[in-house]
Structures are given as structure tokens and as C-alpha cells.
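Participant: The following block contains the structure, expressed as C-alpha cells.
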Amino acid sequence: MATIGVLALQGGFREHEEMLTRLGATPRKVRRAEELEGLDALIIPGGESTTIRRLASAHGLIEPIRAFAQHHPVWGTCAGLIALANDIGEEPPIFGGLNVRVQRNAFGRQVDSFETELAVPALDAVAEEEERGRPFPAVFIRAPVIEQVGEGVDVLATLDDGRIVAVQQGHLLGTAFHPELTDDTRFHRYFLQLVQSPTPA
Ligand SMILES: NC(=O)CC[C@H](N)C(=O)O
């Protein structure tokens, strides 16, 4: 079974580990560059992207993760998506790799967090009969949105107003929301399927 790293510097890594274990994969916390060795893939959890940048930099993880993401599946959720984006506005990218521009805290202070049902047709690839076509319960917490997608990026989900909240670029996956906080395992299964049959970079 696949061994999946979960960047464990800060934020919601435990919920990802639990979800992976539940699905029969082996999670491994990543806090040092050596811990990337032998991994099949990596998840960058939500949290606070400025903190993730600071700690990743202090732990010497910026370059190693950037290099890892070139040839392995990597999935960023929320702050993790921000960390993977090539363009995050004023600041330089954190790891980068994903050809998108994101806007942090796109929903402002009034709407700190919310849950909504999203149509994600791509998930039908891993859906059981009774799950097919079922909307995904998406939990947004001080979430970013994807303002622009570049070459090679597929949009997997948008909000009703058209704002993009899930994308895939070959072996890289980004979601503005938190599938690890729901009972629905389809996004994690989708990522694990990507790990089993990675598309070349
Ligand atoms: N839930 C989250 O990961 C929030 C992301 C956070 N607002 C940031 O900008 O990094």
C-alpha cells in the first residue's frame, strides 16, 4: 500500500493521517527533508500559510518539497493549496508548482467559515454506485479561492458564483476546502488513485 507523507509542521495534519489510515494507506509525518525519502506522495494540510512558510523554511524543507512536487503527487488543502500555488499575490510562492493564482482569505471576515455542497464530477472516477453524482460536502475555513488558472490546470469544482475552489494539474491537486474534516472519503480516494497511476509531469 502507498506511503503518504503529511507535512506536519502546523495545522490539520492529524485528520489527513486518520483519513489515510482509514483507507488502508500508510501516513507518515514529514518534518524534516529526510522524511520525504521513499514516500509515494505528500499532502500539505490547512493551517496558516505564513506559518507553514516560516516553519518549512526553518526546517530546510522549501527546496526539498519543491523538488518532490515535480515528480510525485502532492495535494494541498486550503493553506496547503496556497503553499503550492505559483502566484499568491504580493508574497513570493512558498513551494509553488501549481500553475494558479490564489487569493488568500477570499471570503473576508464576515464569512469566516461555511459548508456547502459542491458538484465535483471528477470524483465519479472513484465513486461507489450509490455515491455517483452526489455533491461533495465542502468545509471552507478562512479559505482562499483560485482566481486564475494557467496552462495544464483542470478545474474540478467551482462555487455557484463561478469561483474556482478545486483544481488538478497532472499529479498536483489543490482544494480550497477541507475534505479531511468530513466523513466523505472520495477526495482522499481520488488522490490515492492518482498515486497509483500518476500522470507524468
Ligand atoms: N484553513 C486554512 O488553511 C486557512 C488558510 C489561511 N487563511 C491562510 O491564509 O493561510
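Labels used: A, B, ... for chains in the order of the C-alpha cells, numbers from 1 for residues in each chain, and numbers from 1 for ligands as shown.
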Env of Leu118 of chain A: 10 Å cut, atoms = only C-alpha atoms, seq-sep filter 2 positions within chain, self excluded. Answer as a PDB file with all heavy atoms, in the first residue's frame.
Facilitator:
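Heads up, here's the output in around07.pdb:
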ATOM      1  N   GLU A 115     -20.044  25.748   5.120  1.00  0.00           N
ATOM      2  CA  GLU A 115     -20.050  24.467   4.440  1.00  0.00           C
ATOM      3  C   GLU A 115     -21.031  24.537   3.293  1.00  0.00           C
ATOM      4  O   GLU A 115     -22.090  25.144   3.423  1.00  0.00           O
ATOM      5  CB  GLU A 115     -20.457  23.350   5.423  1.00  0.00           C
ATOM      6  CG  GLU A 115     -20.401  21.984   4.790  1.00  0.00           C
ATOM      7  CD  GLU A 115     -20.566  20.848   5.802  1.00  0.00           C
ATOM      8  OE1 GLU A 115     -20.355  21.088   7.010  1.00  0.00           O
ATOM      9  OE2 GLU A 115     -20.899  19.735   5.364  1.00  0.00           O
ATOM     10  N   THR A 116     -20.639  23.964   2.156  1.00  0.00           N
ATOM     11  CA  THR A 116     -21.541  23.983   1.017  1.00  0.00           C
ATOM     12  C   THR A 116     -21.390  22.695   0.228  1.00  0.00           C
ATOM     13  O   THR A 116     -20.391  21.983   0.387  1.00  0.00           O
ATOM     14  CB  THR A 116     -21.275  25.224   0.122  1.00  0.00           C
ATOM     15  OG1 THR A 116     -22.304  25.333  -0.848  1.00  0.00           O
ATOM     16  CG2 THR A 116     -19.940  25.127  -0.590  1.00  0.00           C
ATOM     17  N   VAL A 120     -18.637  17.823  -8.022  1.00  0.00           N
ATOM     18  CA  VAL A 120     -17.260  17.502  -8.425  1.00  0.00           C
ATOM     19  C   VAL A 120     -17.305  16.256  -9.314  1.00  0.00           C
ATOM     20  O   VAL A 120     -17.085  15.128  -8.857  1.00  0.00           O
ATOM     21  CB  VAL A 120     -16.337  17.238  -7.217  1.00  0.00           C
ATOM     22  CG1 VAL A 120     -14.874  17.222  -7.656  1.00  0.00           C
ATOM     23  CG2 VAL A 120     -16.530  18.281  -6.115  1.00  0.00           C
ATOM     24  N   PRO A 121     -17.600  16.451 -10.598  1.00  0.00           N
ATOM     25  CA  PRO A 121     -17.788  15.303 -11.499  1.00  0.00           C
ATOM     26  C   PRO A 121     -16.587  14.351 -11.530  1.00  0.00           C
ATOM     27  O   PRO A 121     -16.763  13.137 -11.680  1.00  0.00           O
ATOM     28  CB  PRO A 121     -17.988  15.964 -12.878  1.00  0.00           C
ATOM     29  CG  PRO A 121     -18.440  17.358 -12.586  1.00  0.00           C
ATOM     30  CD  PRO A 121     -17.832  17.737 -11.277  1.00  0.00           C
ATOM     31  N   ARG A 134     -23.149  12.426  -6.436  1.00  0.00           N
ATOM     32  CA  ARG A 134     -23.502  13.045  -5.159  1.00  0.00           C
ATOM     33  C   ARG A 134     -22.607  14.262  -4.926  1.00  0.00           C
ATOM     34  O   ARG A 134     -21.403  14.192  -5.129  1.00  0.00           O
ATOM     35  CB  ARG A 134     -23.295  12.026  -4.036  1.00  0.00           C
ATOM     36  CG  ARG A 134     -23.838  12.443  -2.710  1.00  0.00           C
ATOM     37  CD  ARG A 134     -23.491  11.426  -1.635  1.00  0.00           C
ATOM     38  NE  ARG A 134     -24.272  10.193  -1.710  1.00  0.00           N
ATOM     39  CZ  ARG A 134     -24.036   9.122  -0.966  1.00  0.00           C
ATOM     40  NH1 ARG A 134     -23.030   9.099  -0.115  1.00  0.00           N
ATOM     41  NH2 ARG A 134     -24.787   8.046  -1.091  1.00  0.00           N
ATOM     42  N   PRO A 135     -23.185  15.403  -4.523  1.00  0.00           N
ATOM     43  CA  PRO A 135     -22.345  16.577  -4.258  1.00  0.00           C
ATOM     44  C   PRO A 135     -21.403  16.320  -3.093  1.00  0.00           C
ATOM     45  O   PRO A 135     -21.701  15.494  -2.222  1.00  0.00           O
ATOM     46  CB  PRO A 135     -23.335  17.694  -3.925  1.00  0.00           C
ATOM     47  CG  PRO A 135     -24.623  17.025  -3.644  1.00  0.00           C
ATOM     48  CD  PRO A 135     -24.612  15.677  -4.303  1.00  0.00           C
ATOM     49  N   PHE A 136     -20.280  17.028  -3.092  1.00  0.00           N
ATOM     50  CA  PHE A 136     -19.283  16.838  -2.034  1.00  0.00           C
ATOM     51  C   PHE A 136     -19.493  17.885  -0.941  1.00  0.00           C
ATOM     52  O   PHE A 136     -19.597  19.079  -1.236  1.00  0.00           O
ATOM     53  CB  PHE A 136     -17.872  16.949  -2.611  1.00  0.00           C
ATOM     54  CG  PHE A 136     -16.827  16.482  -1.637  1.00  0.00           C
ATOM     55  CD1 PHE A 136     -16.486  15.136  -1.563  1.00  0.00           C
ATOM     56  CD2 PHE A 136     -16.212  17.372  -0.769  1.00  0.00           C
ATOM     57  CE1 PHE A 136     -15.543  14.684  -0.643  1.00  0.00           C
ATOM     58  CE2 PHE A 136     -15.270  16.935   0.151  1.00  0.00           C
ATOM     59  CZ  PHE A 136     -14.935  15.593   0.217  1.00  0.00           C
ATOM     60  N   PRO A 137     -19.547  17.461   0.332  1.00  0.00           N
ATOM     61  CA  PRO A 137     -19.726  18.425   1.419  1.00  0.00           C
ATOM     62  C   PRO A 137     -18.409  19.154   1.693  1.00  0.00           C
ATOM     63  O   PRO A 137     -17.488  18.591   2.271  1.00  0.00           O
ATOM     64  CB  PRO A 137     -20.105  17.535   2.614  1.00  0.00           C
ATOM     65  CG  PRO A 137     -19.491  16.198   2.304  1.00  0.00           C
ATOM     66  CD  PRO A 137     -19.411  16.073   0.812  1.00  0.00           C
ATOM     67  N   ALA A 138     -18.323  20.389   1.241  1.00  0.00           N
ATOM     68  CA  ALA A 138     -17.050  21.114   1.308  1.00  0.00           C
ATOM     69  C   ALA A 138     -17.046  22.106   2.463  1.00  0.00           C
ATOM     70  O   ALA A 138     -17.910  22.979   2.557  1.00  0.00           O
ATOM     71  CB  ALA A 138     -16.795  21.841  -0.007  1.00  0.00           C
ATOM     72  N   LEU A 156     -11.706  21.395 -11.147  1.00  0.00           N
ATOM     73  CA  LEU A 156     -12.512  20.266 -10.682  1.00  0.00           C
ATOM     74  C   LEU A 156     -13.812  20.714 -10.036  1.00  0.00           C
ATOM     75  O   LEU A 156     -14.780  19.971 -10.023  1.00  0.00           O
ATOM     76  CB  LEU A 156     -11.734  19.415  -9.661  1.00  0.00           C
ATOM     77  CG  LEU A 156     -10.421  18.777 -10.109  1.00  0.00           C
ATOM     78  CD1 LEU A 156      -9.889  17.859  -9.012  1.00  0.00           C
ATOM     79  CD2 LEU A 156     -10.581  18.010 -11.411  1.00  0.00           C
ATOM     80  N   ALA A 157     -13.817  21.929  -9.475  1.00  0.00           N
ATOM     81  CA  ALA A 157     -15.042  22.387  -8.811  1.00  0.00           C
ATOM     82  C   ALA A 157     -15.075  23.904  -8.697  1.00  0.00           C
ATOM     83  O   ALA A 157     -14.038  24.550  -8.496  1.00  0.00           O
ATOM     84  CB  ALA A 157     -15.159  21.778  -7.419  1.00  0.00           C
ATOM     85  N   THR A 158     -16.287  24.443  -8.841  1.00  0.00           N
ATOM     86  CA  THR A 158     -16.495  25.882  -8.634  1.00  0.00           C
ATOM     87  C   THR A 158     -17.687  26.074  -7.689  1.00  0.00           C
ATOM     88  O   THR A 158     -18.545  25.200  -7.573  1.00  0.00           O
ATOM     89  CB  THR A 158     -16.833  26.610  -9.956  1.00  0.00           C
ATOM     90  OG1 THR A 158     -18.004  26.010 -10.519  1.00  0.00           O
ATOM     91  CG2 THR A 158     -15.696  26.530 -10.954  1.00  0.00           C
ATOM     92  N   LEU A 159     -17.707  27.227  -7.049  1.00  0.00           N
ATOM     93  CA  LEU A 159     -18.880  27.608  -6.264  1.00  0.00           C
ATOM     94  C   LEU A 159     -19.983  28.047  -7.225  1.00  0.00           C
ATOM     95  O   LEU A 159     -19.732  28.229  -8.420  1.00  0.00           O
ATOM     96  CB  LEU A 159     -18.520  28.764  -5.325  1.00  0.00           C
ATOM     97  CG  LEU A 159     -17.516  28.425  -4.220  1.00  0.00           C
ATOM     98  CD1 LEU A 159     -17.067  29.692  -3.503  1.00  0.00           C
ATOM     99  CD2 LEU A 159     -18.135  27.435  -3.238  1.00  0.00           C
ATOM    100  N   ASP A 160     -21.175  28.265  -6.708  1.00  0.00           N
ATOM    101  CA  ASP A 160     -22.292  28.683  -7.559  1.00  0.00           C
ATOM    102  C   ASP A 160     -21.989  29.971  -8.308  1.00  0.00           C
ATOM    103  O   ASP A 160     -22.466  30.183  -9.417  1.00  0.00           O
ATOM    104  CB  ASP A 160     -23.560  28.884  -6.711  1.00  0.00           C
ATOM    105  CG  ASP A 160     -24.151  27.544  -6.289  1.00  0.00           C
ATOM    106  OD1 ASP A 160     -23.785  26.527  -6.910  1.00  0.00           O
ATOM    107  OD2 ASP A 160     -24.948  27.524  -5.327  1.00  0.00           O
ATOM    108  N   VAL A 165     -12.586  26.450  -6.792  1.00  0.00           N
ATOM    109  CA  VAL A 165     -12.162  26.010  -5.463  1.00  0.00           C
ATOM    110  C   VAL A 165     -11.471  24.640  -5.452  1.00  0.00           C
ATOM    111  O   VAL A 165     -11.043  24.182  -4.388  1.00  0.00           O
ATOM    112  CB  VAL A 165     -13.350  26.018  -4.464  1.00  0.00           C
ATOM    113  CG1 VAL A 165     -13.740  27.457  -4.130  1.00  0.00           C
ATOM    114  CG2 VAL A 165     -14.542  25.237  -4.992  1.00  0.00           C
ATOM    115  N   ALA A 166     -11.355  23.995  -6.608  1.00  0.00           N
ATOM    116  CA  ALA A 166     -10.582  22.741  -6.681  1.00  0.00           C
ATOM    117  C   ALA A 166      -9.989  22.609  -8.071  1.00  0.00           C
ATOM    118  O   ALA A 166     -10.675  22.847  -9.071  1.00  0.00           O
ATOM    119  CB  ALA A 166     -11.459  21.543  -6.356  1.00  0.00           C
TER     120      ALA A 166
END
Participant: Could you list, as a list in words, every residue within 7 Å of Leu123 of chain A, counting only C-alpha atoms and ignoring same-chain residues fewer than 2 positions away?
Facilitator: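 Counting only C-alpha atoms, the residues come to Val120, Pro121, Ala125, Val126, Ala127, Arg186, Phe187 and Tyr190 of chain A.
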Participant: Using only C-alpha atoms and all ligand atoms, find each residue in chain A having at least one atom no more than 9 Å away from ligand 1; report its shortest atom-to-atom pair and that distance in Å (one decimal), rows by chain then rising number, as a tab-separated table.
Facilitator:
residue	atom	partner	partner_atom_place_in_ligand_line	distance
A:Gly11	CA	ligand 1	3 (O)	7.3
A:Gly12	CA	ligand 1	3 (O)	8.1
A:Pro45	CA	ligand 1	3 (O)	7.1
A:Gly46	CA	ligand 1	3 (O)	3.4
A:Gly47	CA	ligand 1	3 (O)	3.9
A:Glu48	CA	ligand 1	10 (O)	3.7
A:Ser49	CA	ligand 1	10 (O)	3.5
A:Thr50	CA	ligand 1	10 (O)	6.0
A:Thr51	CA	ligand 1	10 (O)	7.8
A:Ile52	CA	ligand 1	10 (O)	8.0
A:Thr77	CA	ligand 1	3 (O)	6.8
A:Cys78	CA	ligand 1	3 (O)	4.2
A:Ala79	CA	ligand 1	3 (O)	3.7
A:Gly80	CA	ligand 1	3 (O)	6.7
A:Leu81	CA	ligand 1	3 (O)	8.3
A:Ile82	CA	ligand 1	10 (O)	6.7
A:Ala83	CA	ligand 1	10 (O)	8.2
A:Gln103	CA	ligand 1	9 (O)	8.5
A:Arg104	CA	ligand 1	9 (O)	4.9
A:Asn105	CA	ligand 1	7 (N)	5.0
A:Ala106	CA	ligand 1	7 (N)	8.5
A:Ser113	CA	ligand 1	1 (N)	8.7
A:Phe140	CA	ligand 1	1 (N)	7.0
A:Ile141	CA	ligand 1	1 (N)	4.5
A:Arg142	CA	ligand 1	7 (N)	4.5
A:Ala143	CA	ligand 1	4 (C)	5.1
A:Pro144	CA	ligand 1	5 (C)	6.7
A:Ala176	CA	ligand 1	3 (O)	7.9
A:Phe177	CA	ligand 1	1 (N)	7.4
A:His178	CA	ligand 1	1 (N)	7.5
Participant: Counting only C-alpha atoms, which residue out of A:Glu147, A:Asp40, A:Asp154, A:Asp161 sits closest to Ala2 of chain A?
Facilitator: A:Asp40
Participant: For Gly24 of chain A, work out the shell of residues within 12 Å, counting only C-alpha atoms and skipping chain neighbours fewer than 4 positions away, then give it as a list in words.
Facilitator: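 The residues that qualify are Met1, Ala2, Thr3, Ile4, Glu17, Glu18, Met19, Leu20, Thr185, His188, Arg189 and Leu192 of chain A.
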Participant: Give me, as CSV, each residue of segment 35-140 of chain A that comes within 10 Å of segment 26-30 of chain A, together with its shortest interatomic pair and the distance in Å at one decimal, counting only C-alpha atoms, with rows ordered by chain and rising residue number.
Facilitator:
residue,atom,partner,partner_atom,distance
A:Glu35,CA,A:Val30,CA,5.5
A:Leu36,CA,A:Val30,CA,6.7
A:Glu37,CA,A:Val30,CA,9.9
A:Leu39,CA,A:Arg28,CA,8.3
A:Ala41,CA,A:Pro27,CA,9.8
A:Leu42,CA,A:Val30,CA,8.7
A:Ile43,CA,A:Val30,CA,9.5
A:Ile44,CA,A:Val30,CA,9.7
A:Leu61,CA,A:Val30,CA,9.4
Participant: Hey, can you check how far atom CA of Ser57 of chain A sits from atom CA of Gly152 of chain A?
Facilitator: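 Taking atom CA of Ser57 of chain A as the start and atom CA of Gly152 of chain A as the end point, the length is 28.0 Å.
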Participant: Among segment 17-190 of chain A, which ones does DSSP assign to strand (DSSP E) (computed from the backbone)? Answer as number ranges by chain.
Facilitator: A: 26-30, 41-44, 74-77, 85-87, 98-103, 113-118, 136-141, 145-149, 154-158, 164-169, 172-175
